[in-house]
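Asker: Contents of data.cif (mmCIF, C-alpha atoms) are given next:
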data_final
loop_
_atom_site.label_atom_id
_atom_site.label_comp_id
_atom_site.auth_asym_id
_atom_site.auth_seq_id
_atom_site.Cartn_x
_atom_site.Cartn_y
_atom_site.Cartn_z
CA MET A 29 -2.35 55.50 -1.53
CA ALA A 30 -0.14 58.44 -2.40
CA ALA A 31 2.05 56.11 -4.35
CA TRP A 32 -0.65 55.55 -6.94
CA VAL A 33 0.09 58.59 -9.03
CA ARG A 34 -2.62 59.40 -11.50
CA PRO A 35 -2.23 62.00 -14.19
CA THR A 36 -4.83 64.67 -13.57
CA GLY A 37 -7.20 65.83 -16.25
CA THR A 38 -7.61 62.45 -17.87
CA LEU A 39 -11.07 60.94 -17.56
CA THR A 40 -10.51 57.55 -19.08
CA ARG A 41 -7.03 56.32 -19.47
CA MET A 42 -6.39 53.31 -21.60
CA PRO A 43 -3.93 51.02 -19.94
CA ASP A 44 -1.60 51.33 -22.91
CA ASP A 45 -1.28 55.04 -22.22
CA GLU A 46 0.69 54.25 -19.11
CA PRO A 47 4.06 55.87 -18.95
CA ASP A 48 6.80 53.38 -19.66
CA ASP A 49 7.85 52.92 -16.06
CA GLY A 50 4.21 52.48 -15.03
CA PRO A 51 2.82 53.53 -11.67
CA ALA A 52 5.07 52.76 -8.74
CA ILE A 53 4.13 49.55 -6.98
CA GLY A 54 2.53 50.32 -3.66
CA GLY A 55 2.08 48.38 -0.46
CA TYR A 56 -0.86 46.43 -1.85
CA GLY A 57 1.14 45.57 -4.93
CA ILE A 58 3.99 44.18 -2.84
CA ALA A 59 1.51 42.26 -0.71
CA SER A 60 -0.08 40.83 -3.87
CA ALA A 61 3.32 39.75 -5.14
CA VAL A 62 4.17 38.04 -1.84
CA VAL A 63 0.84 36.24 -1.78
CA GLY A 64 1.39 35.29 -5.42
CA VAL A 65 4.71 33.70 -4.57
CA ILE A 66 2.99 31.73 -1.78
CA ALA A 67 0.38 30.61 -4.33
CA ILE A 68 3.08 29.36 -6.68
CA ALA A 69 4.76 27.51 -3.81
CA ALA A 70 1.39 25.93 -2.98
CA VAL A 71 0.98 24.78 -6.59
CA VAL A 72 4.44 23.16 -6.49
CA LEU A 73 3.67 21.45 -3.16
CA ALA A 74 0.31 20.20 -4.42
CA ALA A 75 2.03 18.73 -7.49
CA LEU A 76 4.64 17.02 -5.29
CA ILE A 77 1.95 15.54 -3.03
CA TRP A 78 0.09 14.36 -6.12
CA THR A 79 3.06 12.54 -7.70
CA GLN A 80 4.12 11.01 -4.38
CA HIS A 81 0.65 9.67 -3.73
CA ARG A 82 0.41 8.34 -7.27
CA ASP A 83 3.68 6.45 -6.78
CA ASP A 84 2.40 5.00 -3.50
CA ALA A 85 -0.90 3.99 -5.05
CA ASP A 86 0.92 2.41 -8.00
CA GLU A 87 3.10 0.48 -5.57
CA LEU A 88 0.06 -0.93 -3.75
CA ARG A 89 -1.59 -1.81 -7.05
CA TYR A 90 1.58 -3.54 -8.21
CA ARG A 91 1.77 -5.59 -5.00
CA ALA A 92 -1.84 -6.65 -5.47
CA ARG A 93 -1.00 -7.71 -9.03
CA ALA A 94 2.08 -9.64 -7.86
CA MET A 95 -0.02 -11.41 -5.23
CA ALA A 96 -2.66 -12.27 -7.82
CA ALA A 97 -0.03 -13.59 -10.24
CA ALA A 98 1.49 -15.80 -7.54
CA ALA A 99 -1.93 -17.04 -6.45
CA ASP A 100 -2.96 -17.88 -10.02
CA TRP A 101 0.26 -19.76 -10.68
CA THR A 102 0.06 -21.68 -7.40
CA SER A 103 -3.55 -22.53 -8.01
CA VAL A 104 -2.56 -24.35 -11.22
CA LEU A 105 0.26 -26.10 -9.36
CA ILE A 106 -1.91 -27.41 -6.55
CA ASN A 107 -4.78 -28.46 -8.79
CA MET A 108 -2.78 -30.82 -10.99
CA ASN A 109 -4.53 -34.10 -11.71
CA LYS A 110 -3.12 -37.14 -13.39
CA ASP A 111 -5.10 -36.37 -16.53
CA THR A 112 -4.26 -32.69 -16.68
CA VAL A 113 -0.68 -32.85 -15.49
CA ASP A 114 0.83 -32.15 -18.91
CA ALA A 115 -1.48 -29.27 -19.74
CA SER A 116 -0.95 -27.83 -16.26
CA LEU A 117 2.81 -28.09 -16.50
CA THR A 118 2.79 -26.35 -19.89
CA LYS A 119 0.71 -23.57 -18.40
CA LEU A 120 3.02 -23.30 -15.40
CA HIS A 121 6.06 -23.31 -17.65
CA GLU A 122 4.64 -20.41 -19.66
CA GLY A 123 4.29 -18.38 -16.50
CA THR A 124 7.92 -18.72 -15.51
CA VAL A 125 11.06 -16.87 -16.45
CA GLY A 126 14.78 -17.01 -15.84
CA GLN A 127 16.42 -19.92 -14.06
CA LEU A 128 13.12 -21.49 -13.07
CA ASN A 129 12.06 -21.45 -16.72
CA ALA A 130 15.37 -22.95 -17.88
CA ASP A 131 15.36 -25.69 -15.23
CA PHE A 132 11.62 -26.08 -15.25
CA ASP A 133 11.50 -29.81 -15.90
CA ALA A 134 14.06 -30.52 -13.20
CA SER A 135 12.41 -28.37 -10.57
CA MET A 136 8.94 -29.68 -11.43
CA LYS A 137 10.02 -33.32 -11.38
CA PRO A 138 9.03 -33.95 -7.74
CA TYR A 139 5.60 -32.46 -8.33
CA ARG A 140 5.04 -34.41 -11.53
CA GLU A 141 6.14 -37.63 -9.86
CA LEU A 142 3.93 -36.95 -6.88
CA VAL A 143 0.87 -36.48 -9.07
CA GLN A 144 1.64 -39.53 -11.20
CA LYS A 145 2.49 -41.73 -8.25
CA LEU A 146 -0.65 -40.82 -6.38
CA GLN A 147 -2.85 -41.23 -9.47
CA SER A 148 -4.90 -38.66 -7.70
CA ARG A 149 -7.75 -36.33 -8.22
CA THR A 150 -6.58 -33.22 -6.51
CA THR A 151 -8.44 -30.12 -5.57
CA GLY A 152 -6.43 -27.37 -4.01
CA GLN A 153 -7.21 -24.01 -2.58
CA VAL A 154 -4.97 -21.06 -1.92
CA ASP A 155 -5.37 -20.06 1.71
CA SER A 156 -3.16 -17.03 1.96
CA VAL A 157 -1.05 -14.80 -0.23
CA ALA A 158 1.19 -12.04 1.07
CA VAL A 159 4.10 -10.05 -0.22
CA GLU A 160 7.00 -11.04 1.99
CA PHE A 161 8.09 -8.27 4.30
CA VAL A 162 10.63 -10.00 6.53
CA HIS A 163 12.60 -13.10 5.77
CA HIS A 164 14.97 -14.98 8.04
CA PRO A 165 16.77 -17.65 6.04
CA GLN A 166 16.93 -20.92 7.89
CA GLY A 167 20.48 -21.63 8.87
CA GLY A 168 21.86 -25.08 9.60
CA GLN A 169 18.61 -26.93 9.06
CA GLY A 170 20.24 -29.34 6.66
CA GLY A 171 18.68 -30.54 3.48
CA GLN A 172 19.22 -28.91 0.15
CA PRO A 173 19.73 -25.19 0.01
CA PRO A 174 16.91 -23.20 -1.58
CA PRO A 175 17.38 -22.41 -5.26
CA ALA A 176 19.36 -19.23 -5.65
CA ALA A 177 17.65 -16.20 -7.01
CA SER A 178 18.47 -15.96 -10.67
CA ASP A 179 19.94 -12.76 -11.97
CA LEU A 180 17.15 -11.14 -13.91
CA SER A 181 18.25 -7.56 -13.50
CA GLU A 182 18.66 -7.28 -17.26
CA PHE A 183 15.06 -8.18 -18.03
CA ALA A 184 13.04 -7.64 -14.89
CA SER A 185 12.37 -4.14 -13.68
CA ARG A 186 11.72 -5.55 -10.21
CA THR A 187 11.32 -8.82 -8.37
CA ASP A 188 9.27 -9.36 -5.23
CA THR A 189 8.94 -12.40 -3.04
CA VAL A 190 5.41 -13.56 -2.39
CA MET A 191 4.51 -16.13 0.26
CA VAL A 192 1.72 -18.50 -0.66
CA VAL A 193 0.04 -20.90 1.74
CA ALA A 194 -2.27 -23.45 0.20
CA THR A 195 -3.97 -26.75 0.95
CA SER A 196 -4.80 -29.47 -1.50
CA ILE A 197 -6.74 -32.65 -1.00
CA SER A 198 -5.96 -35.68 -3.09
CA GLU A 199 -8.43 -38.48 -3.49
CA ASN A 200 -6.16 -41.31 -4.40
CA ALA A 201 -7.14 -44.06 -6.75
CA GLY A 202 -6.12 -46.89 -4.45
CA SER A 203 -6.49 -45.72 -0.89
CA ASP A 204 -9.71 -44.85 0.80
CA LYS A 205 -8.49 -41.89 2.80
CA PRO A 206 -8.05 -38.56 1.03
CA GLN A 207 -4.62 -37.13 1.51
CA THR A 208 -4.07 -33.54 2.56
CA VAL A 209 -1.05 -31.71 1.23
CA ARG A 210 -0.05 -28.49 2.91
CA TRP A 211 1.88 -26.07 0.79
CA THR A 212 4.03 -23.26 2.04
CA LEU A 213 5.82 -21.63 -0.86
CA ARG A 214 7.96 -18.62 -1.52
CA LEU A 215 7.63 -17.39 -5.07
CA ASP A 216 9.67 -14.67 -6.72
CA VAL A 217 7.48 -12.61 -8.99
CA SER A 218 9.36 -10.62 -11.63
CA ASP A 219 8.04 -7.79 -13.71
CA ILE A 220 9.08 -8.41 -17.32
CA ASP A 221 7.78 -5.68 -19.61
CA ASP A 222 4.74 -5.25 -17.39
CA LYS A 223 4.05 -8.99 -17.44
CA LEU A 224 4.37 -10.73 -14.11
CA MET A 225 6.24 -14.01 -14.25
CA ILE A 226 7.43 -16.45 -11.60
CA SER A 227 11.21 -16.53 -11.48
CA ARG A 228 11.80 -18.73 -8.46
CA LEU A 229 9.95 -21.38 -6.48
CA GLU A 230 11.05 -22.32 -3.01
CA PRO A 231 8.96 -24.72 -0.99
CA ILE A 232 9.46 -24.04 2.71
CA ARG A 233 10.07 -27.30 4.53
CA MET B 18 2.87 43.97 -22.45
CA ARG B 19 2.52 45.01 -18.85
CA THR B 20 -1.25 45.07 -19.26
CA ALA B 21 -1.24 41.58 -20.65
CA TRP B 22 0.71 40.36 -17.63
CA ARG B 23 -1.68 42.08 -15.25
CA ILE B 24 -4.68 40.52 -16.97
CA LEU B 25 -3.04 37.11 -16.85
CA ALA B 26 -1.92 37.42 -13.23
CA PHE B 27 -5.11 38.91 -11.77
CA ASP B 28 -8.01 38.24 -14.14
CA VAL B 29 -7.22 34.82 -15.59
CA ALA B 30 -4.89 32.92 -13.27
CA PRO B 31 -6.64 33.35 -9.86
CA PRO B 32 -10.07 31.99 -10.88
CA LEU B 33 -8.48 29.10 -12.77
CA ALA B 34 -6.17 28.34 -9.83
CA ALA B 35 -9.05 28.47 -7.38
CA ILE B 36 -11.19 26.10 -9.45
CA ALA B 37 -8.23 23.75 -10.01
CA ALA B 38 -7.52 23.75 -6.27
CA MET B 39 -11.14 22.89 -5.51
CA VAL B 40 -11.09 20.06 -8.06
CA TYR B 41 -7.87 18.83 -6.38
CA ILE B 42 -9.58 18.86 -2.97
CA GLY B 43 -12.48 16.95 -4.52
CA ILE B 44 -10.17 14.28 -5.93
CA VAL B 45 -8.34 13.92 -2.60
CA LEU B 46 -11.58 13.64 -0.62
CA VAL B 47 -13.15 11.42 -3.33
CA TRP B 48 -16.00 13.89 -3.86
CA PRO B 49 -18.15 13.59 -0.74
CA LEU B 50 -21.63 15.04 -1.10
CA TRP B 51 -20.92 18.09 1.07
CA TRP B 52 -17.90 18.99 -1.05
CA VAL B 53 -19.83 18.52 -4.30
CA ALA B 54 -22.38 21.03 -2.95
CA THR B 55 -19.75 23.49 -1.69
CA PHE B 56 -17.75 23.11 -4.88
CA SER B 57 -20.74 23.87 -7.11
CA VAL B 58 -21.70 26.97 -5.14
CA LEU B 59 -18.14 28.33 -5.08
CA CYS B 60 -17.68 27.55 -8.76
CA VAL B 61 -20.84 29.44 -9.68
CA LEU B 62 -19.64 32.42 -7.63
CA ILE B 63 -16.23 32.38 -9.31
CA VAL B 64 -17.72 32.11 -12.80
CA GLU B 65 -20.13 34.93 -11.97
CA ALA B 66 -17.26 37.11 -10.82
CA VAL B 67 -15.30 36.37 -13.99
CA ILE B 68 -18.34 37.23 -16.16
CA LEU B 69 -18.95 40.42 -14.18
CA ASN B 70 -15.29 41.36 -14.60
CA GLY B 71 -15.59 40.80 -18.34
CA VAL B 72 -18.79 42.86 -18.64
CA LEU B 73 -17.30 45.72 -16.63
CA ALA B 74 -14.14 45.54 -18.72
CA ARG B 75 -16.23 46.05 -21.86
CA ARG B 76 -18.00 49.01 -20.25
CA ASP B 77 -15.10 50.72 -18.47
CA GLY B 78 -12.15 49.44 -20.45
CA VAL B 79 -10.51 48.36 -17.23
CA THR B 80 -10.45 45.01 -15.43
CA VAL B 81 -9.69 44.06 -11.85
CA GLY B 82 -6.12 43.41 -12.91
CA THR B 83 -5.60 46.64 -14.79
CA ASP B 84 -7.55 49.03 -12.58
CA ASP B 85 -4.99 51.24 -10.90
CA ASP B 86 -7.61 52.34 -8.41
CA GLY B 87 -8.28 48.85 -7.14
CA PRO B 88 -5.12 47.47 -5.53
CA ARG B 89 -7.17 46.28 -2.56
CA LEU B 90 -9.47 44.17 -4.71
CA ARG B 91 -6.45 42.76 -6.55
CA LEU B 92 -4.87 41.70 -3.28
CA ALA B 93 -8.17 40.15 -2.23
CA VAL B 94 -8.41 38.20 -5.48
CA VAL B 95 -4.85 36.87 -5.20
CA ALA B 96 -5.32 36.11 -1.50
CA GLY B 97 -8.54 34.22 -2.19
CA ALA B 98 -6.90 32.05 -4.81
CA THR B 99 -3.89 31.46 -2.54
CA VAL B 100 -6.07 30.44 0.39
CA THR B 101 -7.83 27.91 -1.84
CA LEU B 102 -4.51 26.55 -3.07
CA ALA B 103 -3.17 26.35 0.50
CA ALA B 104 -6.32 24.48 1.54
CA ALA B 105 -5.70 22.03 -1.30
CA VAL B 106 -2.12 21.47 -0.09
CA VAL B 107 -3.26 20.90 3.51
CA VAL B 108 -6.05 18.53 2.48
CA GLY B 109 -3.67 16.65 0.16
CA TYR B 110 -0.96 16.43 2.79
CA LEU B 111 -3.29 15.11 5.50
CA ASN B 112 -5.27 12.71 3.34
CA TRP B 113 -2.52 11.43 1.08
CA THR B 114 0.98 12.07 2.38
CA VAL B 115 0.24 11.39 6.05
CA ALA B 116 -2.06 8.45 5.27
CA ASP B 117 0.49 6.85 2.93
CA ARG B 118 3.26 7.30 5.49
CA ASN B 119 1.10 5.82 8.26
CA LEU B 120 0.31 2.82 6.09
CA ARG B 121 4.02 2.21 5.47
CA ASN B 122 4.85 2.52 9.17
CA ASP B 123 1.85 0.39 10.13
CA THR B 124 2.98 -2.34 7.73
CA ALA B 125 6.34 -2.57 9.46
CA ASP B 126 4.69 -2.44 12.89
CA VAL B 127 2.08 -5.14 12.31
CA VAL B 128 4.56 -7.54 10.73
CA GLY B 129 6.87 -7.17 13.73
CA ILE B 130 4.07 -7.65 16.27
CA ALA B 131 2.52 -10.55 14.35
CA SER B 132 5.86 -12.32 14.05
CA ASP B 133 6.51 -11.91 17.80
CA VAL B 134 3.04 -13.11 18.81
CA ALA B 135 3.14 -16.04 16.40
CA GLU B 136 6.53 -17.13 17.70
CA ALA B 137 5.43 -16.76 21.29
CA SER B 138 2.26 -18.75 20.68
CA ALA B 139 4.31 -21.68 19.36
CA THR B 140 6.97 -21.53 22.04
CA PHE B 141 6.75 -23.48 25.25
CA SER B 142 9.06 -24.43 28.04
CA PRO B 143 8.01 -26.64 30.96
CA GLN B 144 10.27 -24.64 33.28
CA SER B 145 8.26 -21.48 32.79
CA PRO B 146 4.94 -22.61 31.30
CA THR B 147 3.35 -19.17 31.21
CA ALA B 148 6.32 -17.09 30.02
CA SER B 149 5.60 -17.22 26.30
CA ILE B 150 1.83 -17.00 26.81
CA ASP B 151 2.31 -13.87 28.87
CA LYS B 152 4.54 -12.47 26.17
CA ALA B 153 1.89 -13.13 23.53
CA THR B 154 -1.07 -11.88 25.54
CA ALA B 155 0.75 -8.63 26.33
CA MET B 156 0.32 -7.75 22.68
CA MET B 157 -3.32 -8.84 22.49
CA SER B 158 -6.58 -7.09 23.05
CA PRO B 159 -8.04 -7.92 26.51
CA GLN B 160 -10.87 -10.15 25.28
CA SER B 161 -8.72 -12.19 22.90
CA ALA B 162 -5.99 -12.49 25.54
CA GLU B 163 -8.60 -14.07 27.82
CA THR B 164 -9.66 -16.62 25.19
CA PHE B 165 -6.08 -17.30 24.25
CA LYS B 166 -5.09 -17.98 27.88
CA LYS B 167 -8.03 -20.32 28.36
CA GLU B 168 -7.21 -22.28 25.23
CA PHE B 169 -3.59 -22.55 26.14
CA SER B 170 -3.86 -23.52 29.79
CA SER B 171 -5.01 -27.06 28.94
CA VAL B 172 -2.40 -27.42 26.20
CA ALA B 173 0.24 -26.10 28.57
CA LYS B 174 -0.71 -28.68 31.21
CA ASP B 175 -0.43 -31.45 28.66
CA LEU B 176 2.94 -30.24 27.40
CA THR B 177 4.29 -29.80 30.92
CA GLY B 178 3.14 -33.31 31.77
CA ARG B 179 5.04 -34.74 28.85
CA ASN B 180 7.98 -32.39 29.47
CA ILE B 181 7.90 -31.05 25.92
CA THR B 182 9.82 -27.99 24.85
CA ALA B 183 8.67 -26.11 21.78
CA GLN B 184 10.38 -23.38 19.84
CA ALA B 185 9.45 -21.44 16.77
CA SER B 186 11.34 -19.05 14.57
CA THR B 187 9.88 -16.93 11.81
CA ILE B 188 10.97 -17.77 8.29
CA SER B 189 8.78 -15.34 6.41
CA ALA B 190 6.14 -12.80 7.28
CA GLY B 191 4.09 -10.53 5.10
CA VAL B 192 0.92 -8.48 5.13
CA GLU B 193 -2.11 -10.12 3.51
CA ALA B 194 -4.23 -7.03 3.85
CA ILE B 195 -4.01 -3.79 5.75
CA GLY B 196 -6.18 -0.74 6.29
CA PRO B 197 -6.00 2.22 8.62
CA SER B 198 -7.45 0.27 11.56
CA ALA B 199 -7.21 -3.45 10.75
CA ALA B 200 -4.60 -5.78 9.36
CA SER B 201 -4.07 -9.42 8.59
CA VAL B 202 -0.54 -10.82 8.59
CA ALA B 203 0.66 -14.22 7.41
CA VAL B 204 3.58 -15.69 9.34
CA ILE B 205 5.43 -18.82 8.25
CA MET B 206 7.50 -20.32 11.03
CA HIS B 207 9.77 -23.20 11.62
CA GLY B 208 8.60 -25.03 14.73
CA THR B 209 10.62 -27.54 16.73
CA GLN B 210 9.33 -29.76 19.54
CA ASN B 211 11.71 -31.58 21.83
CA SER B 212 10.50 -34.29 24.12
CA PRO B 213 12.80 -36.39 26.29
CA GLY B 214 14.06 -39.56 24.63
CA ARG B 215 12.74 -38.74 21.18
CA PRO B 216 14.27 -37.05 18.14
CA PRO B 217 13.19 -33.44 17.71
CA ASP B 218 10.03 -33.01 15.72
CA THR B 219 10.09 -30.15 13.23
CA ALA B 220 7.28 -28.68 11.22
CA VAL B 221 6.48 -25.64 9.15
CA LEU B 222 3.72 -23.64 10.77
CA ALA B 223 1.70 -21.06 8.92
CA LEU B 224 -0.28 -18.72 11.12
CA ARG B 225 -2.61 -15.84 10.32
CA VAL B 226 -2.48 -13.02 12.82
CA GLN B 227 -5.32 -10.51 12.78
CA LEU B 228 -4.76 -7.14 14.33
CA SER B 229 -6.71 -3.99 14.89
CA LYS B 230 -5.64 -0.52 15.89
CA GLN B 231 -7.01 0.63 19.20
CA ASP B 232 -6.07 4.04 20.59
CA GLY B 233 -3.18 4.28 18.18
CA ARG B 234 -1.77 0.89 19.15
CA TRP B 235 -1.91 -2.31 17.14
CA LEU B 236 -3.30 -5.20 19.16
CA VAL B 237 -3.68 -8.82 18.14
CA ASP B 238 -7.29 -10.02 17.90
CA ASP B 239 -6.76 -13.52 16.69
CA VAL B 240 -4.08 -16.07 15.88
CA SER B 241 -5.18 -18.99 13.73
CA PRO B 242 -3.63 -21.59 11.44
CA ILE B 243 -3.78 -20.62 7.78
CA HIS B 244 -4.03 -24.06 6.24
CA SER B 245 -7.68 -24.82 5.73
CA ARG B 246 -7.18 -28.46 6.75
#
Just dump the structure as structure tokens.
Answerer:
Amino acid sequence: MAAWVRPTGTLTRMPDDEPDDGPAIGGYGIASAVVGVIAIAAVVLAALIWTQHRDDADELRYRARAMAAAADWTSVLINMNKDTVDASLTKLHEGTVGQLNADFDASMKPYRELVQKLQSRTTGQVDSVAVEFVHHPQGGQGGQPPPAASDLSEFASRTDTVMVVATSISENAGSDKPQTVRWTLRLDVSDIDDKLMISRLEPIR
Amino acid sequence: MRTAWRILAFDVAPPLAAIAAMVYIGIVLVWPLWWVATFSVLCVLIVEAVILNGVLARRDGVTVGTDDDGPRLRLAVVAGATVTLAAAVVVGYLNWTVADRNLRNDTADVVGIASDVAEASATFSPQSPTASIDKATAMMSPQSAETFKKEFSSVAKDLTGRNITAQASTISAGVEAIGPSAASVAVIMHGTQNSPGRPPDTAVLALRVQLSKQDGRWLVDDVSPIHSR
């Protein structure tokens, strides 16, 4: 306490009357400073934890959005009827981007033909949607290679692959037995200016 | 100038920091009732202390920060605010950083386990009929392993009788949903069945694997086909 020098004979001393060098900083002062530095470090850490968690939460939210976008798009695809095929295809086309958008008519041809050939009333349901975590490309299975991922790096801030499993049941005009179609699709969902679009469609066969 | 710094560092900053830290804890814990109660009480105490400090400053012309006779109280004020901030960091680290990291690790874990179990459940060889079942049940919870074995023993007999070999390889796997103690994983596989004298039969299989965490270990509860029909 000896360090806290106080001029004698002064009853009330306004803080501004302090000598220029002020009272020497004692042990408690040093302790306060150390604790203060710890407090500042804690504030920095808390801010870091905050931003990191916000990024993680945003990532989960984004994945949920990507899954929803893929599910919505697929649900239009698997619910195409002979009467609504044109409207559905327009809607699907609007939801695509990149190579899939450019080659839309070509890549949708099998689906359009299927619907028109079957003359069906189709009701489909999405059974499962998941953001793909591991992917082992099938080697040497024959058949046509899956469509290559189009280069969207200029427009899309990110692209994720979403797996969609769906079932649709077609009641065909002619036949008596309803036909079940099982869909297993890999969709690339691209983020274009915060709008999620489908940039690739790969049916797994 | 020095006085202004002392007022800022000891009279203004600590109560604000303490309240901010308590709000931070509240956000991290999503305001449980007990914290709302604690928070209100502590806030009232802090506000009271600030008002008292202000009143005494008007009377004595000296605050906690500028009182040269009160270094102990100053240290206590700074220490109190620091403890609150440190508590906020610890609570944030445990509830956010650790939880987020666990979720990321769990995602990788469950996808790996689900892919292995799904492959094993669609693999069969007449030479060692139980090999793949044993591999799958090793990663299952005891009760579901029992059901799984029962279901498969009849299928296995049939397949052995017809000398059928089945293989499956994962094409894609991803998490449908995951929480701290339960997860659901979708696995899309390419399955091949070979029977003597016939061309190999291939199919795309989509399986949903449900897992739960028991004693820190992910175990498979159920394996079922995803397609609704």
Asker: I need the residue nearest chain A from this list: B:Ala74, B:Ala103, B:Val240, B:Ala183. Use all atoms listed in the file for the distance.
Answerer: B:Ala103
Asker: Using only C-alpha atoms, find the one residue out of B:Val40, B:Ala199, B:Ala220, B:Leu102 that sits nearest to Gly233 of chain B.
Answerer: B:Ala199
Asker: Could you spell out the hits of the PyMOL selection byres ((chain B) within 6 of (chain A)) on the shown file, as a list in words?
Answerer: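 Applying the expression gives Pro88, Leu92, Thr99, Leu102, Ala103, Val106, Ile188, Ser189, Ala190, Gly191, Val192, Glu193 and His244 of chain B.
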Asker: Find the distance between atom CA of Cys60 of chain B and atom CA of Met39 of chain B and write it in Å to one decimal.
Answerer: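 Distance reported for this atom pair: 8.7 Å.
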Asker: Show me, as a list in words, the residues that have an atom within 9 Å of Lys174 of chain B when counting all atoms listed in the file, minus same-chain residues fewer than 4 positions from it.
Answerer: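 Here the qualifying residues turn out to be Pro143, Pro146, Phe169, Ser170, Gly178 and Arg179 of chain B.
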Asker: What does the distance between atom CA of Asp239 of chain B and atom CA of Ser161 of chain B come to in Å, to one decimal place?
Answerer: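 Calculated distance between atom CA of Asp239 of chain B and atom CA of Ser161 of chain B is 6.6 Å.
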Asker: Nearest to Ile63 of chain B: which of B:Asp175, B:Ala194, B:Pro31, B:Leu111 is it, counting all atoms listed in the file?
Answerer: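 The closest residue to Ile63 of chain B is B:Pro31.
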Asker: Between atom CA of Ser145 of chain B and atom CA of Ala131 of chain B, measure the distance and give it in Å to one decimal.
Answerer: 22.2 Å
Asker: Starting from the incomplete input, reconstruct N, CA and C atoms of segment 109-124 of chain B and write that as a PDB file, keeping the file's coordinate frame.
Answerer:
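Below you can see result31.pdb, which holds the result:
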ATOM      1  N   GLY B 109      -4.471  17.686   0.816  1.00  0.00           N
ATOM      2  CA  GLY B 109      -3.670  16.650   0.160  1.00  0.00           C
ATOM      3  C   GLY B 109      -2.641  16.054   1.092  1.00  0.00           C
ATOM      4  N   TYR B 110      -1.999  16.917   1.875  1.00  0.00           N
ATOM      5  CA  TYR B 110      -0.960  16.430   2.790  1.00  0.00           C
ATOM      6  C   TYR B 110      -1.564  15.482   3.821  1.00  0.00           C
ATOM      7  N   LEU B 111      -2.693  15.922   4.424  1.00  0.00           N
ATOM      8  CA  LEU B 111      -3.290  15.110   5.500  1.00  0.00           C
ATOM      9  C   LEU B 111      -3.869  13.802   4.963  1.00  0.00           C
ATOM     10  N   ASN B 112      -4.551  13.894   3.807  1.00  0.00           N
ATOM     11  CA  ASN B 112      -5.270  12.710   3.340  1.00  0.00           C
ATOM     12  C   ASN B 112      -4.414  11.773   2.511  1.00  0.00           C
ATOM     13  N   TRP B 113      -3.356  12.286   1.918  1.00  0.00           N
ATOM     14  CA  TRP B 113      -2.520  11.430   1.080  1.00  0.00           C
ATOM     15  C   TRP B 113      -1.163  11.175   1.716  1.00  0.00           C
ATOM     16  N   THR B 114      -0.393  12.260   1.918  1.00  0.00           N
ATOM     17  CA  THR B 114       0.980  12.070   2.380  1.00  0.00           C
ATOM     18  C   THR B 114       1.012  11.400   3.751  1.00  0.00           C
ATOM     19  N   VAL B 115       0.232  11.954   4.698  1.00  0.00           N
ATOM     20  CA  VAL B 115       0.240  11.390   6.050  1.00  0.00           C
ATOM     21  C   VAL B 115      -0.327   9.976   6.043  1.00  0.00           C
ATOM     22  N   ALA B 116      -1.424   9.780   5.297  1.00  0.00           N
ATOM     23  CA  ALA B 116      -2.060   8.450   5.270  1.00  0.00           C
ATOM     24  C   ALA B 116      -1.121   7.417   4.661  1.00  0.00           C
ATOM     25  N   ASP B 117      -0.435   7.796   3.578  1.00  0.00           N
ATOM     26  CA  ASP B 117       0.490   6.850   2.930  1.00  0.00           C
ATOM     27  C   ASP B 117       1.640   6.503   3.876  1.00  0.00           C
ATOM     28  N   ARG B 118       2.135   7.531   4.576  1.00  0.00           N
ATOM     29  CA  ARG B 118       3.260   7.300   5.490  1.00  0.00           C
ATOM     30  C   ARG B 118       2.813   6.393   6.643  1.00  0.00           C
ATOM     31  N   ASN B 119       1.610   6.667   7.176  1.00  0.00           N
ATOM     32  CA  ASN B 119       1.100   5.820   8.260  1.00  0.00           C
ATOM     33  C   ASN B 119       0.977   4.373   7.808  1.00  0.00           C
ATOM     34  N   LEU B 120       0.501   4.184   6.584  1.00  0.00           N
ATOM     35  CA  LEU B 120       0.310   2.820   6.090  1.00  0.00           C
ATOM     36  C   LEU B 120       1.658   2.101   6.011  1.00  0.00           C
ATOM     37  N   ARG B 121       2.684   2.824   5.553  1.00  0.00           N
ATOM     38  CA  ARG B 121       4.020   2.210   5.470  1.00  0.00           C
ATOM     39  C   ARG B 121       4.532   1.850   6.865  1.00  0.00           C
ATOM     40  N   ASN B 122       4.381   2.801   7.811  1.00  0.00           N
ATOM     41  CA  ASN B 122       4.850   2.520   9.170  1.00  0.00           C
ATOM     42  C   ASN B 122       4.048   1.390   9.803  1.00  0.00           C
ATOM     43  N   ASP B 123       2.715   1.426   9.569  1.00  0.00           N
ATOM     44  CA  ASP B 123       1.850   0.390  10.130  1.00  0.00           C
ATOM     45  C   ASP B 123       2.246  -0.982   9.593  1.00  0.00           C
ATOM     46  N   THR B 124       2.588  -1.061   8.320  1.00  0.00           N
ATOM     47  CA  THR B 124       2.980  -2.340   7.730  1.00  0.00           C
ATOM     48  C   THR B 124       4.164  -2.932   8.484  1.00  0.00           C
TER      49      THR B 124
END
